[in-house]
Structure formats: C-alpha cells, structure tokens
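Here is the structure we will look at, set down as structure tokens.
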Amino acid sequence: MSITTDSPLTEAELASAKRAYELDRKHVFHSWSAQEQLKPMVITRADGSYVWDGEGNKLLDFSSQLVNTNIGHQHPKVVAAIQEQAGKLCTVAPQHANDARSEAARLIAELTPGDLNRIFFTNGGADAVEHAIRMARLHTGKYKVLSAYRSYHGGTALAVNVTGDPRRIPNDYGNAGAVHFHAPFLYRSQFHAATEAEESQRALEHLETAIQLEGASNIAAIILESIPGTAGIMVPPPGYLQGVRELATKYGIIYIADEVMSGFGRAGKWFAIDHFDVAPDLLTFAKGVTSGYVPLGGVAISEEIYSTFAQRPYPGGLTYSGHPLASAAAVATINAMRDESMVENAASLGESVVAPALARMAERHPSIGEVRGTGMFWAIELVKNRATREPLAPYGASSPEMNELIGACKSRGLLPFANFNRIHVVPPLNINAEDLQAGLAILDEVFDLADAHVQG
C-alpha cells in the first residue's frame, strides 16, 4: 500500500514548504556549496520513484537522491520495520548485541564476495572508508594508500584526501599518505589506448610502476570504486580488477573495494565487483544498504584481516555502530530487494530499456560523446565537439549550458543527477519500465537543447 498519493499539495503543505525554505536559508549550512548562492528545492512528499517539490510539482526521481534510494521512496515494508523497531528498542550501545544488528550482519555477509564474513558497522560511507584504511594500516604496519584520480571516497579528512576529484584539492595538505594514479577510462584515456584491452593492460602497467616507485614496503592499501560513481560511471575494462587483485597480492597490499554507491544492486548485481569475479580484502558499503532511510555504512572484512584483531583490540569505534533503527532498515531493505527481485529488475531494465535507448540517443544527438553503464547505473557524457571531446562543462565545474539542461529536465517533470558535463541515469532499482521510458524520453527531448551548443 502506498504511503502517499497523487493528490495535489494542500494549502497546509504549501505553507509548510515555504516555512521550511525560509528556515533553511536562515539556519542551515549546506555541504559543498557557497551558502549565499543557493536556492535549494524543498521536497515535501515522496513515494516510489517520485518526489514533490515545495510548489507541488511532481518529479520523476532519476537521481535516487544521491544514488542511495535504491528501493525508491517510502517503501512500506521498510517504513514498517523502522516503526516496529522504534517501538521495541530505539538505541543501544554498540558493545551490546542486538537482534537487528546481528541479522543485518548475517544478511550482508551472505551477499559479499569471498570470505568477507565479518561486518563492522559505521554511520555512512566516508567513515567506512576511514575505518577500512585504518584496518589495512594496522594489519600491514604500512601507511601509504593508493587511489585513483576521478574517484570519490567521502568527505571526512582521510576519505577526501583519498578521493580523486576536485573536491579533494582545497582539503589536501599532502600529509594523509594518499598517492593517486590513473585508472582506466578509455573515452579520455591517459594511456593513448585504442581498445579496452590496451587500456586495461597499460593501466595495470602504470599501477605497477606506481607501486614500485612509491615502494611496496610503504603501501598499506589500494582502494578503488568497483565502478566509479560520481566520477563518471566508468565500467572497468575486462581484466583490470583481476589485475589489481593480482598486483595487490603480489606486493602484499590490501585491496579495498569501495562499493558505497555501486553496491546493493545499483550495478545490476548485489555488488559491482561481482561483475568481475574478484574478491577484495575489505569492502566498504553504505547508501543502498538501507536505501538511505536511516544512515548506515560498514566494512566487510576478510578472515585474514579479522584474525589480526582476534586477540588484539581494534582501536576504533562509533557510538552508533549498528544502530538498531538503521540495522532494522537494512534487514527490511535487503529482504524487500530479494522478495521483489529488485537487483534482477535493475539488470533486466538496464539491458533491455536503458542501453538501447541511450544508444539511440547517442546516434541522434551530436552533443552526446559517450554513454556507459550497467544495471541502473549509467552516465551520458555531453560534449561541445565530438572530435575534440571538449566537455559541455569543464572538469570540476558546471556551466550555463549544463544548468540550462538541468532546468529543462525539472520543468518537464524529471529530477536528474548531473555532475560536471554528465547526466547520470540512476533511478530506483524497482522503477517500472513505463516510468523509466518516460524519463528517458524527457532526456531525449532535453538533449535537443544540448545539441544547440555543439561546435564543429
């Protein structure tokens, strides 16, 4: 049964939205933003694949917010599980066992690859990354961490230094032990590659050189998003992640798979790394594990790393590690995804609806340089010139052209996910084919505006 309806917003809801905006502008400090340049959208209502803004407009959510509402908004089974848990046990200190956390850990361990059967719970993705790196450093006795340019690993001190996108730069003082390298990205290859095979081989040679020049005896971990998300949904070419696994093993380096965005069905499998038949030593997760209903993240830990802390205390923890409300949300989310075949739906619609639709758009629109993705995890790279691949917005920024497209999407009833020169297609995993096709049709129409900016 739906929690909300399609009925228009009431006068009371409209008045509440107006007050929410006024108080936001008076008191709320927003992330990643120049505060006085903001005009945030008020969200008053949400249901399934839709949200309603403060003016009563209904928008198809092609962003899944921050690519985390994987089961859509207000799923009744998850809402009920949170309510039931709140009536039973709202909170408990993490040193005590509780049934919600224990069951959440069991379910997650069932899904993770390899022997990642021990789960350390955090509040979200950034602190999951922080703790995974801490574990790797303590396990190996080494300090440096290798991570890719064009990546995002979180906004806390270490996680943002490990990050490889421009948000790192104002926060980077060069003392976090982070060393960056180029991961494969054939469309904008750093390796002058012409094929996926060349890109994979040359990227692995580059990584091995970086390991050797930085000193394997100093490197605790390599961390990679299995499929980079915010940075552009660049699906690794065949053989690359297997090669990373082999290099990590060869040089005694811990391999951390960051699945914060790509995990829990987003890429058409429970974890994106499942596409590549690779098992990391540590795996970070968050976002989709609860569909964002209650904040939760964590680290899935191999038996080898677990054994380091079997008799030696792990020097880290959080007050809300495995919070009962969050854990109950995780249990209900995973069970709902299984019961309703959401991962299979994402894979099927990605292959049968999204891929062919984007391919047709790429043929029709000269502003589209490339489309790429899998499951409900796709990126559309927009360019001013296909020959030079000049982006429609510079790396690390937006542009008037991109702002025009975002506004056009919203005016047509679509809430997009945009980053730099890209529009991402990342709706809920349980979106139906009709809504998915409607959203893609809006994008097709909006890209006519992008075509007007094409040069040459």
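Following the order of the structure tokens, first chain is A, next is B, and so on, with residues numbered from 1 inside each chain and ligands from 1 in the order they appear.
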ask   = Do you know which residues are at most 9 Å from His131 (chain A) counting only C-alpha atoms, after dropping those on the same chain fewer than 6 positions away, and could you put them as a PyMOL selection string?
value = chain A and resi 120+122+298-299+316-317
Just to be explicit: take each residue in the selection above, keep N, CA and C atoms, and write the result as a PDB file, in the first residue's frame.
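Result saved to again-v8.pdb:
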```
ATOM      1  N   PHE A 120      31.836  -4.706  10.190  1.00  0.00           N
ATOM      2  CA  PHE A 120      31.982  -3.585  11.129  1.00  0.00           C
ATOM      3  C   PHE A 120      31.067  -2.470  10.638  1.00  0.00           C
ATOM      4  N   THR A 122      29.334   1.260  10.435  1.00  0.00           N
ATOM      5  CA  THR A 122      29.638   2.677  10.606  1.00  0.00           C
ATOM      6  C   THR A 122      28.363   3.474  10.359  1.00  0.00           C
ATOM      7  N   GLY A 298      29.372   0.491   6.432  1.00  0.00           N
ATOM      8  CA  GLY A 298      30.137  -0.554   7.082  1.00  0.00           C
ATOM      9  C   GLY A 298      31.305  -1.040   6.261  1.00  0.00           C
ATOM     10  N   VAL A 299      32.066  -1.934   6.873  1.00  0.00           N
ATOM     11  CA  VAL A 299      33.207  -2.584   6.248  1.00  0.00           C
ATOM     12  C   VAL A 299      33.007  -4.086   6.374  1.00  0.00           C
ATOM     13  N   GLY A 316      39.236   1.477  17.370  1.00  0.00           N
ATOM     14  CA  GLY A 316      38.279   2.318  16.669  1.00  0.00           C
ATOM     15  C   GLY A 316      36.865   1.892  16.983  1.00  0.00           C
ATOM     16  N   GLY A 317      35.949   2.839  16.901  1.00  0.00           N
ATOM     17  CA  GLY A 317      34.547   2.534  17.150  1.00  0.00           C
ATOM     18  C   GLY A 317      33.685   3.765  16.999  1.00  0.00           C
TER      19      GLY A 317
END
```
Sorted per-residue table, region 358-410 of chain A near region 256-277 of chain A, closest atoms and distance, 6 Å, only C-alpha atoms, as a Markdown table:
```
| residue | atom | partner | partner_atom | distance |
| --- | --- | --- | --- | --- |
| A:Thr374 | CA | A:Ala267 | CA | 5.4 |
| A:Gly375 | CA | A:Gly268 | CA | 4.0 |
| A:Met376 | CA | A:Arg266 | CA | 5.6 |
| A:Phe377 | CA | A:Ala267 | CA | 5.6 |
```
query = Could you pull the residues within 12 Å of Gly350 (chain A), counting only C-alpha atoms, minus those fewer than 6 positions along the same chain, as a PyMOL selection string?
reply = chain A and resi 265-269+342-344+356-358+372-378+425-433+436-437+440
Can you write just those residues out, C-alpha atoms, as a PDB file, in the first residue's frame?
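This is the output file again_14.pdb:
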```pdb
ATOM      1  CA  GLY A 265      22.055  -3.784  -6.664  1.00  0.00           C
ATOM      2  CA  ARG A 266      22.882  -0.454  -8.262  1.00  0.00           C
ATOM      3  CA  ALA A 267      25.050  -2.031 -10.980  1.00  0.00           C
ATOM      4  CA  GLY A 268      22.690  -4.951 -11.626  1.00  0.00           C
ATOM      5  CA  LYS A 269      24.370  -7.315  -9.170  1.00  0.00           C
ATOM      6  CA  MET A 342      14.923  -5.631  -7.489  1.00  0.00           C
ATOM      7  CA  VAL A 343      18.505  -6.492  -8.434  1.00  0.00           C
ATOM      8  CA  GLU A 344      17.221  -8.633 -11.287  1.00  0.00           C
ATOM      9  CA  PRO A 356      19.221   0.640 -26.322  1.00  0.00           C
ATOM     10  CA  ALA A 357      17.540   3.965 -25.525  1.00  0.00           C
ATOM     11  CA  LEU A 358      20.860   5.659 -24.759  1.00  0.00           C
ATOM     12  CA  ARG A 372      28.253   3.858 -20.490  1.00  0.00           C
ATOM     13  CA  GLY A 373      26.977   1.831 -17.576  1.00  0.00           C
ATOM     14  CA  THR A 374      25.153  -1.252 -16.370  1.00  0.00           C
ATOM     15  CA  GLY A 375      22.082  -2.015 -14.264  1.00  0.00           C
ATOM     16  CA  MET A 376      20.538   1.262 -13.073  1.00  0.00           C
ATOM     17  CA  PHE A 377      23.941   2.955 -13.189  1.00  0.00           C
ATOM     18  CA  TRP A 378      24.555   4.937 -16.414  1.00  0.00           C
ATOM     19  CA  VAL A 425      20.622   7.744 -15.263  1.00  0.00           C
ATOM     20  CA  VAL A 426      20.332   6.353 -11.733  1.00  0.00           C
ATOM     21  CA  PRO A 427      16.649   5.836 -10.831  1.00  0.00           C
ATOM     22  CA  PRO A 428      15.452   3.431  -8.133  1.00  0.00           C
ATOM     23  CA  LEU A 429      16.150  -0.228  -8.894  1.00  0.00           C
ATOM     24  CA  ASN A 430      12.452  -1.070  -8.707  1.00  0.00           C
ATOM     25  CA  ILE A 431      11.321   1.562 -11.192  1.00  0.00           C
ATOM     26  CA  ASN A 432       8.839   0.168 -13.705  1.00  0.00           C
ATOM     27  CA  ALA A 433       9.508   0.116 -17.429  1.00  0.00           C
ATOM     28  CA  LEU A 436      11.828   4.513 -16.956  1.00  0.00           C
ATOM     29  CA  GLN A 437      10.885   5.029 -20.599  1.00  0.00           C
ATOM     30  CA  LEU A 440      14.436   8.625 -20.892  1.00  0.00           C
TER      31      LEU A 440
END
```
Excluding His73 (chain A) and residues on its chain fewer than 5 positions from it, collect all residues at most 7 Å away from it, counting only C-alpha atoms, and give them as a compact mmCIF listing (two decimals) with N, CA and C atoms, in the first residue's frame.
```txt
# COMPACT_ATOMS: atom_id res chain seq x y z
N ALA A 46 7.25 12.22 -0.96
CA ALA A 46 7.94 11.28 -1.85
C ALA A 46 7.21 9.94 -1.81
N ASP A 47 7.23 9.25 -2.92
CA ASP A 47 6.58 7.94 -3.00
C ASP A 47 7.13 7.19 -4.19
N GLY A 48 7.66 5.99 -3.96
CA GLY A 48 8.17 5.19 -5.07
C GLY A 48 9.28 5.89 -5.82
N SER A 49 9.08 6.11 -7.11
CA SER A 49 10.08 6.75 -7.95
C SER A 49 9.85 8.25 -8.10
```
Long-range neighbours of region 208-219 of chain A as a count of residues only, 12 Å cut-off, only C-alpha atoms, 3 positions minimum in chain = 41
Among region 208-406 of chain A, which residues does DSSP mark as helix (DSSP H, G or I) when it is run on the backbone? Keep the chain and numbering as in the structure and answer as an mmCIF file with N, CA and C atoms, in the first residue's frame.
```cif
data_model
loop_
_atom_site.group_PDB
_atom_site.id
_atom_site.type_symbol
_atom_site.label_atom_id
_atom_site.label_comp_id
_atom_site.auth_asym_id
_atom_site.auth_seq_id
_atom_site.Cartn_x
_atom_site.Cartn_y
_atom_site.Cartn_z
ATOM 1 N N GLU A 208 51.419 -0.768 -11.582
ATOM 2 C CA GLU A 208 52.573 -1.494 -11.049
ATOM 3 C C GLU A 208 53.789 -0.588 -10.950
ATOM 4 N N THR A 209 53.975 0.281 -11.917
ATOM 5 C CA THR A 209 55.080 1.244 -11.843
ATOM 6 C C THR A 209 54.913 2.154 -10.633
ATOM 7 N N ALA A 210 53.680 2.625 -10.398
ATOM 8 C CA ALA A 210 53.433 3.478 -9.231
ATOM 9 C C ALA A 210 53.761 2.740 -7.940
ATOM 10 N N ILE A 211 53.377 1.476 -7.847
ATOM 11 C CA ILE A 211 53.693 0.678 -6.657
ATOM 12 C C ILE A 211 55.203 0.586 -6.460
ATOM 13 N N GLN A 212 55.909 0.312 -7.527
ATOM 14 C CA GLN A 212 57.361 0.156 -7.432
ATOM 15 C C GLN A 212 58.037 1.468 -7.069
ATOM 16 N N LEU A 213 57.591 2.571 -7.676
ATOM 17 C CA LEU A 213 58.241 3.857 -7.420
ATOM 18 C C LEU A 213 57.885 4.429 -6.047
ATOM 19 N N GLU A 214 56.677 4.126 -5.559
ATOM 20 C CA GLU A 214 56.296 4.581 -4.218
ATOM 21 C C GLU A 214 56.864 3.667 -3.141
ATOM 22 N N ALA A 216 56.598 -0.641 -2.430
ATOM 23 C CA ALA A 216 55.572 -1.549 -1.916
ATOM 24 C C ALA A 216 55.687 -1.737 -0.410
ATOM 25 N N SER A 217 56.887 -1.614 0.119
ATOM 26 C CA SER A 217 57.082 -1.785 1.563
ATOM 27 C C SER A 217 56.441 -0.666 2.361
ATOM 28 N N ASN A 218 55.982 0.401 1.673
ATOM 29 C CA ASN A 218 55.336 1.530 2.354
ATOM 30 C C ASN A 218 53.837 1.596 2.118
ATOM 31 N N TYR A 240 40.836 -5.768 -15.781
ATOM 32 C CA TYR A 240 41.519 -4.749 -14.967
ATOM 33 C C TYR A 240 41.450 -5.063 -13.480
ATOM 34 N N LEU A 241 40.255 -5.283 -12.940
ATOM 35 C CA LEU A 241 40.157 -5.528 -11.499
ATOM 36 C C LEU A 241 40.821 -6.845 -11.106
ATOM 37 N N GLN A 242 40.783 -7.829 -11.985
ATOM 38 C CA GLN A 242 41.537 -9.065 -11.717
ATOM 39 C C GLN A 242 43.030 -8.746 -11.623
ATOM 40 N N GLY A 243 43.497 -7.859 -12.511
ATOM 41 C CA GLY A 243 44.899 -7.464 -12.472
ATOM 42 C C GLY A 243 45.259 -6.700 -11.211
ATOM 43 N N VAL A 244 44.345 -5.851 -10.741
ATOM 44 C CA VAL A 244 44.578 -5.132 -9.485
ATOM 45 C C VAL A 244 44.684 -6.120 -8.321
ATOM 46 N N ARG A 245 43.778 -7.099 -8.311
ATOM 47 C CA ARG A 245 43.821 -8.137 -7.268
ATOM 48 C C ARG A 245 45.177 -8.855 -7.285
ATOM 49 N N GLU A 246 45.664 -9.194 -8.471
ATOM 50 C CA GLU A 246 46.941 -9.901 -8.583
ATOM 51 C C GLU A 246 48.102 -9.032 -8.127
ATOM 52 N N LEU A 247 48.088 -7.744 -8.481
ATOM 53 C CA LEU A 247 49.167 -6.842 -8.050
ATOM 54 C C LEU A 247 49.149 -6.662 -6.536
ATOM 55 N N ALA A 248 47.954 -6.509 -5.964
ATOM 56 C CA ALA A 248 47.863 -6.348 -4.510
ATOM 57 C C ALA A 248 48.425 -7.574 -3.802
ATOM 58 N N THR A 249 48.075 -8.754 -4.282
ATOM 59 C CA THR A 249 48.595 -9.984 -3.682
ATOM 60 C C THR A 249 50.106 -10.087 -3.870
ATOM 61 N N LYS A 250 50.569 -9.786 -5.063
ATOM 62 C CA LYS A 250 51.997 -9.884 -5.376
ATOM 63 C C LYS A 250 52.840 -9.014 -4.458
ATOM 64 N N TYR A 251 52.357 -7.804 -4.152
ATOM 65 C CA TYR A 251 53.170 -6.848 -3.394
ATOM 66 C C TYR A 251 52.753 -6.740 -1.922
ATOM 67 N N ALA A 272 28.980 -4.409 -7.354
ATOM 68 C CA ALA A 272 29.515 -4.211 -8.699
ATOM 69 C C ALA A 272 30.704 -5.120 -8.974
ATOM 70 N N ILE A 273 31.470 -5.413 -7.943
ATOM 71 C CA ILE A 273 32.650 -6.251 -8.138
ATOM 72 C C ILE A 273 32.269 -7.671 -8.558
ATOM 73 N N ASP A 274 31.008 -8.052 -8.334
ATOM 74 C CA ASP A 274 30.549 -9.372 -8.764
ATOM 75 C C ASP A 274 30.575 -9.509 -10.289
ATOM 76 N N HIS A 275 30.553 -8.405 -11.010
ATOM 77 C CA HIS A 275 30.667 -8.459 -12.469
ATOM 78 C C HIS A 275 32.039 -8.975 -12.902
ATOM 79 N N PHE A 276 33.023 -8.903 -12.009
ATOM 80 C CA PHE A 276 34.409 -9.149 -12.409
ATOM 81 C C PHE A 276 35.011 -10.377 -11.730
ATOM 82 N N LYS A 287 24.876 3.767 1.660
ATOM 83 C CA LYS A 287 23.808 4.163 0.746
ATOM 84 C C LYS A 287 22.700 3.126 0.592
ATOM 85 N N GLY A 288 22.815 2.243 -0.416
ATOM 86 C CA GLY A 288 21.732 1.329 -0.739
ATOM 87 C C GLY A 288 21.434 0.281 0.297
ATOM 88 N N VAL A 289 22.311 0.082 1.271
ATOM 89 C CA VAL A 289 22.071 -0.966 2.271
ATOM 90 C C VAL A 289 20.788 -0.703 3.058
ATOM 91 N N GLU A 303 38.756 -12.942 6.494
ATOM 92 C CA GLU A 303 39.199 -13.688 7.672
ATOM 93 C C GLU A 303 40.647 -13.350 8.036
ATOM 94 N N GLU A 304 41.489 -13.112 7.044
ATOM 95 C CA GLU A 304 42.886 -12.786 7.332
ATOM 96 C C GLU A 304 43.003 -11.497 8.138
ATOM 97 N N ILE A 305 42.255 -10.477 7.735
ATOM 98 C CA ILE A 305 42.323 -9.212 8.465
ATOM 99 C C ILE A 305 41.593 -9.322 9.792
ATOM 100 N N TYR A 306 40.495 -10.039 9.818
ATOM 101 C CA TYR A 306 39.814 -10.290 11.092
ATOM 102 C C TYR A 306 40.762 -10.920 12.107
ATOM 103 N N SER A 307 41.602 -11.854 11.666
ATOM 104 C CA SER A 307 42.490 -12.570 12.586
ATOM 105 C C SER A 307 43.491 -11.649 13.253
ATOM 106 N N THR A 308 43.826 -10.534 12.583
ATOM 107 C CA THR A 308 44.741 -9.564 13.193
ATOM 108 C C THR A 308 44.166 -9.005 14.490
ATOM 109 N N PRO A 324 20.232 0.210 16.128
ATOM 110 C CA PRO A 324 19.090 -0.683 15.877
ATOM 111 C C PRO A 324 18.120 -0.199 14.804
ATOM 112 N N LEU A 325 17.819 1.096 14.759
ATOM 113 C CA LEU A 325 16.895 1.573 13.726
ATOM 114 C C LEU A 325 17.500 1.405 12.338
ATOM 115 N N ALA A 326 18.799 1.709 12.212
ATOM 116 C CA ALA A 326 19.466 1.552 10.924
ATOM 117 C C ALA A 326 19.573 0.081 10.548
ATOM 118 N N SER A 327 19.902 -0.745 11.517
ATOM 119 C CA SER A 327 20.026 -2.180 11.238
ATOM 120 C C SER A 327 18.692 -2.783 10.814
ATOM 121 N N ALA A 328 17.620 -2.377 11.485
ATOM 122 C CA ALA A 328 16.292 -2.865 11.094
ATOM 123 C C ALA A 328 15.941 -2.420 9.683
ATOM 124 N N ALA A 329 16.335 -1.198 9.342
ATOM 125 C CA ALA A 329 16.103 -0.723 7.979
ATOM 126 C C ALA A 329 16.896 -1.542 6.977
ATOM 127 N N ALA A 330 18.134 -1.911 7.319
ATOM 128 C CA ALA A 330 18.957 -2.733 6.423
ATOM 129 C C ALA A 330 18.328 -4.102 6.214
ATOM 130 N N VAL A 331 17.893 -4.729 7.287
ATOM 131 C CA VAL A 331 17.261 -6.054 7.175
ATOM 132 C C VAL A 331 16.042 -5.980 6.263
ATOM 133 N N ALA A 332 15.189 -4.988 6.497
ATOM 134 C CA ALA A 332 13.963 -4.869 5.694
ATOM 135 C C ALA A 332 14.289 -4.530 4.245
ATOM 136 N N THR A 333 15.309 -3.695 4.031
ATOM 137 C CA THR A 333 15.691 -3.315 2.672
ATOM 138 C C THR A 333 16.190 -4.526 1.893
ATOM 139 N N ILE A 334 17.110 -5.286 2.479
ATOM 140 C CA ILE A 334 17.665 -6.453 1.794
ATOM 141 C C ILE A 334 16.572 -7.477 1.513
ATOM 142 N N ASN A 335 15.712 -7.715 2.486
ATOM 143 C CA ASN A 335 14.635 -8.681 2.276
ATOM 144 C C ASN A 335 13.654 -8.217 1.202
ATOM 145 N N ALA A 336 13.346 -6.916 1.196
ATOM 146 C CA ALA A 336 12.444 -6.393 0.160
ATOM 147 C C ALA A 336 13.085 -6.503 -1.217
ATOM 148 N N MET A 337 14.371 -6.221 -1.291
ATOM 149 C CA MET A 337 15.065 -6.339 -2.579
ATOM 150 C C MET A 337 15.041 -7.780 -3.081
ATOM 151 N N ARG A 338 15.236 -8.722 -2.169
ATOM 152 C CA ARG A 338 15.188 -10.135 -2.557
ATOM 153 C C ARG A 338 13.776 -10.561 -2.940
ATOM 154 N N ASP A 339 12.818 -10.236 -2.091
ATOM 155 C CA ASP A 339 11.445 -10.688 -2.318
ATOM 156 C C ASP A 339 10.869 -10.136 -3.622
ATOM 157 N N MET A 342 14.522 -6.963 -7.029
ATOM 158 C CA MET A 342 14.923 -5.631 -7.489
ATOM 159 C C MET A 342 16.262 -5.632 -8.213
ATOM 160 N N VAL A 343 17.203 -6.448 -7.765
ATOM 161 C CA VAL A 343 18.505 -6.492 -8.434
ATOM 162 C C VAL A 343 18.328 -7.035 -9.847
ATOM 163 N N GLU A 344 17.502 -8.066 -9.970
ATOM 164 C CA GLU A 344 17.221 -8.633 -11.287
ATOM 165 C C GLU A 344 16.491 -7.617 -12.177
ATOM 166 N N ASN A 345 15.591 -6.843 -11.577
ATOM 167 C CA ASN A 345 14.877 -5.809 -12.331
ATOM 168 C C ASN A 345 15.845 -4.761 -12.860
ATOM 169 N N ALA A 346 16.780 -4.350 -12.013
ATOM 170 C CA ALA A 346 17.775 -3.352 -12.438
ATOM 171 C C ALA A 346 18.611 -3.882 -13.594
ATOM 172 N N ALA A 347 19.041 -5.136 -13.492
ATOM 173 C CA ALA A 347 19.856 -5.723 -14.559
ATOM 174 C C ALA A 347 19.052 -5.840 -15.848
ATOM 175 N N SER A 348 17.817 -6.307 -15.730
ATOM 176 C CA SER A 348 16.995 -6.540 -16.916
ATOM 177 C C SER A 348 16.639 -5.238 -17.620
ATOM 178 N N LEU A 349 16.158 -4.253 -16.868
ATOM 179 C CA LEU A 349 15.779 -2.985 -17.486
ATOM 180 C C LEU A 349 17.001 -2.218 -17.986
ATOM 181 N N GLY A 350 18.127 -2.377 -17.312
ATOM 182 C CA GLY A 350 19.347 -1.744 -17.803
ATOM 183 C C GLY A 350 19.719 -2.245 -19.179
ATOM 184 N N GLU A 351 19.571 -3.556 -19.353
ATOM 185 C CA GLU A 351 19.947 -4.168 -20.627
ATOM 186 C C GLU A 351 18.897 -3.960 -21.710
ATOM 187 N N SER A 352 17.617 -4.076 -21.327
ATOM 188 C CA SER A 352 16.568 -4.078 -22.344
ATOM 189 C C SER A 352 15.990 -2.701 -22.643
ATOM 190 N N VAL A 353 16.096 -1.776 -21.693
ATOM 191 C CA VAL A 353 15.487 -0.456 -21.877
ATOM 192 C C VAL A 353 16.545 0.645 -21.946
ATOM 193 N N VAL A 354 17.387 0.749 -20.912
ATOM 194 C CA VAL A 354 18.306 1.889 -20.840
ATOM 195 C C VAL A 354 19.367 1.820 -21.935
ATOM 196 N N ALA A 355 20.042 0.689 -22.050
ATOM 197 C CA ALA A 355 21.145 0.586 -23.010
ATOM 198 C C ALA A 355 20.700 0.911 -24.437
ATOM 199 N N PRO A 356 19.624 0.297 -24.952
ATOM 200 C CA PRO A 356 19.221 0.640 -26.322
ATOM 201 C C PRO A 356 18.719 2.070 -26.463
ATOM 202 N N ALA A 357 18.031 2.590 -25.444
ATOM 203 C CA ALA A 357 17.540 3.965 -25.525
ATOM 204 C C ALA A 357 18.699 4.955 -25.588
ATOM 205 N N LEU A 358 19.706 4.752 -24.746
ATOM 206 C CA LEU A 358 20.860 5.659 -24.759
ATOM 207 C C LEU A 358 21.657 5.516 -26.047
ATOM 208 N N ALA A 359 21.728 4.299 -26.575
ATOM 209 C CA ALA A 359 22.427 4.112 -27.853
ATOM 210 C C ALA A 359 21.729 4.888 -28.967
ATOM 211 N N ARG A 360 20.398 4.855 -28.976
ATOM 212 C CA ARG A 360 19.656 5.623 -29.982
ATOM 213 C C ARG A 360 19.877 7.123 -29.803
ATOM 214 N N MET A 361 19.885 7.581 -28.546
ATOM 215 C CA MET A 361 20.139 8.999 -28.292
ATOM 216 C C MET A 361 21.523 9.405 -28.777
ATOM 217 N N ALA A 362 22.511 8.557 -28.536
ATOM 218 C CA ALA A 362 23.880 8.877 -28.953
ATOM 219 C C ALA A 362 23.976 9.002 -30.466
ATOM 220 N N GLU A 363 23.188 8.207 -31.191
ATOM 221 C CA GLU A 363 23.171 8.317 -32.650
ATOM 222 C C GLU A 363 22.511 9.615 -33.102
ATOM 223 N N ARG A 364 21.508 10.049 -32.351
ATOM 224 C CA ARG A 364 20.699 11.193 -32.779
ATOM 225 C C ARG A 364 21.273 12.533 -32.350
ATOM 226 N N PRO A 400 26.782 27.279 -17.860
ATOM 227 C CA PRO A 400 25.423 27.722 -18.201
ATOM 228 C C PRO A 400 24.675 26.697 -19.047
ATOM 229 N N GLU A 401 25.405 25.998 -19.923
ATOM 230 C CA GLU A 401 24.762 25.005 -20.772
ATOM 231 C C GLU A 401 24.197 23.849 -19.938
ATOM 232 N N MET A 402 24.993 23.366 -18.988
ATOM 233 C CA MET A 402 24.507 22.276 -18.138
ATOM 234 C C MET A 402 23.369 22.746 -17.237
ATOM 235 N N ASN A 403 23.467 23.958 -16.723
ATOM 236 C CA ASN A 403 22.389 24.483 -15.888
ATOM 237 C C ASN A 403 21.092 24.593 -16.682
ATOM 238 N N GLU A 404 21.200 24.941 -17.968
ATOM 239 C CA GLU A 404 20.026 25.004 -18.833
ATOM 240 C C GLU A 404 19.376 23.629 -18.958
ATOM 241 N N LEU A 405 20.196 22.589 -19.130
ATOM 242 C CA LEU A 405 19.655 21.240 -19.267
ATOM 243 C C LEU A 405 18.983 20.780 -17.985
ATOM 244 N N ILE A 406 19.603 21.049 -16.842
ATOM 245 C CA ILE A 406 19.022 20.642 -15.559
ATOM 246 C C ILE A 406 17.669 21.322 -15.354
#
```
task = List the neighbours of Phe185 (chain A) out to 12 Å using only C-alpha atoms; skip same-chain residues closer than 2 positions along the sequence, and give me the result as a PyMOL selection string.
result = chain A and resi 148-151+182-183+187-200+202-203+227-228+231-237+240+370+372
task = To one decimal in Å, tell me the separation between CA of Asp99 (chain A) and CA of Glu130 (chain A).
result =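 Rounded to one decimal, the two atoms are 26.2 Å apart.
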request  = Determine the nearest neighbour of Ala12 (chain A) from the options A:Pro315, A:Ala397, A:Gly56, A:Lys26, counting only C-alpha atoms.
outcome  = A:Gly56
Near region 441-445 of chain A, 12 Å: region 19-118 of chain A residue rows, closest pairs, only C-alpha atoms, as JSON lines:
```
{"residue": "A:Leu59", "atom": "CA", "partner": "A:Ile442", "partner_atom": "CA", "distance": 11.6}
{"residue": "A:Leu60", "atom": "CA", "partner": "A:Ile442", "partner_atom": "CA", "distance": 10.3}
{"residue": "A:Phe62", "atom": "CA", "partner": "A:Leu443", "partner_atom": "CA", "distance": 10.3}
```
task = Record the distance separating CA of Phe309 (chain A) and CA of Gly155 (chain A), expressed in Å with one decimal.
result = 27.0 Å
ask   = Quick one: DSSP strand (DSSP E) residues in region 330-375 of chain A, as an MDAnalysis selection string?
value = chainID A and resid 368:374
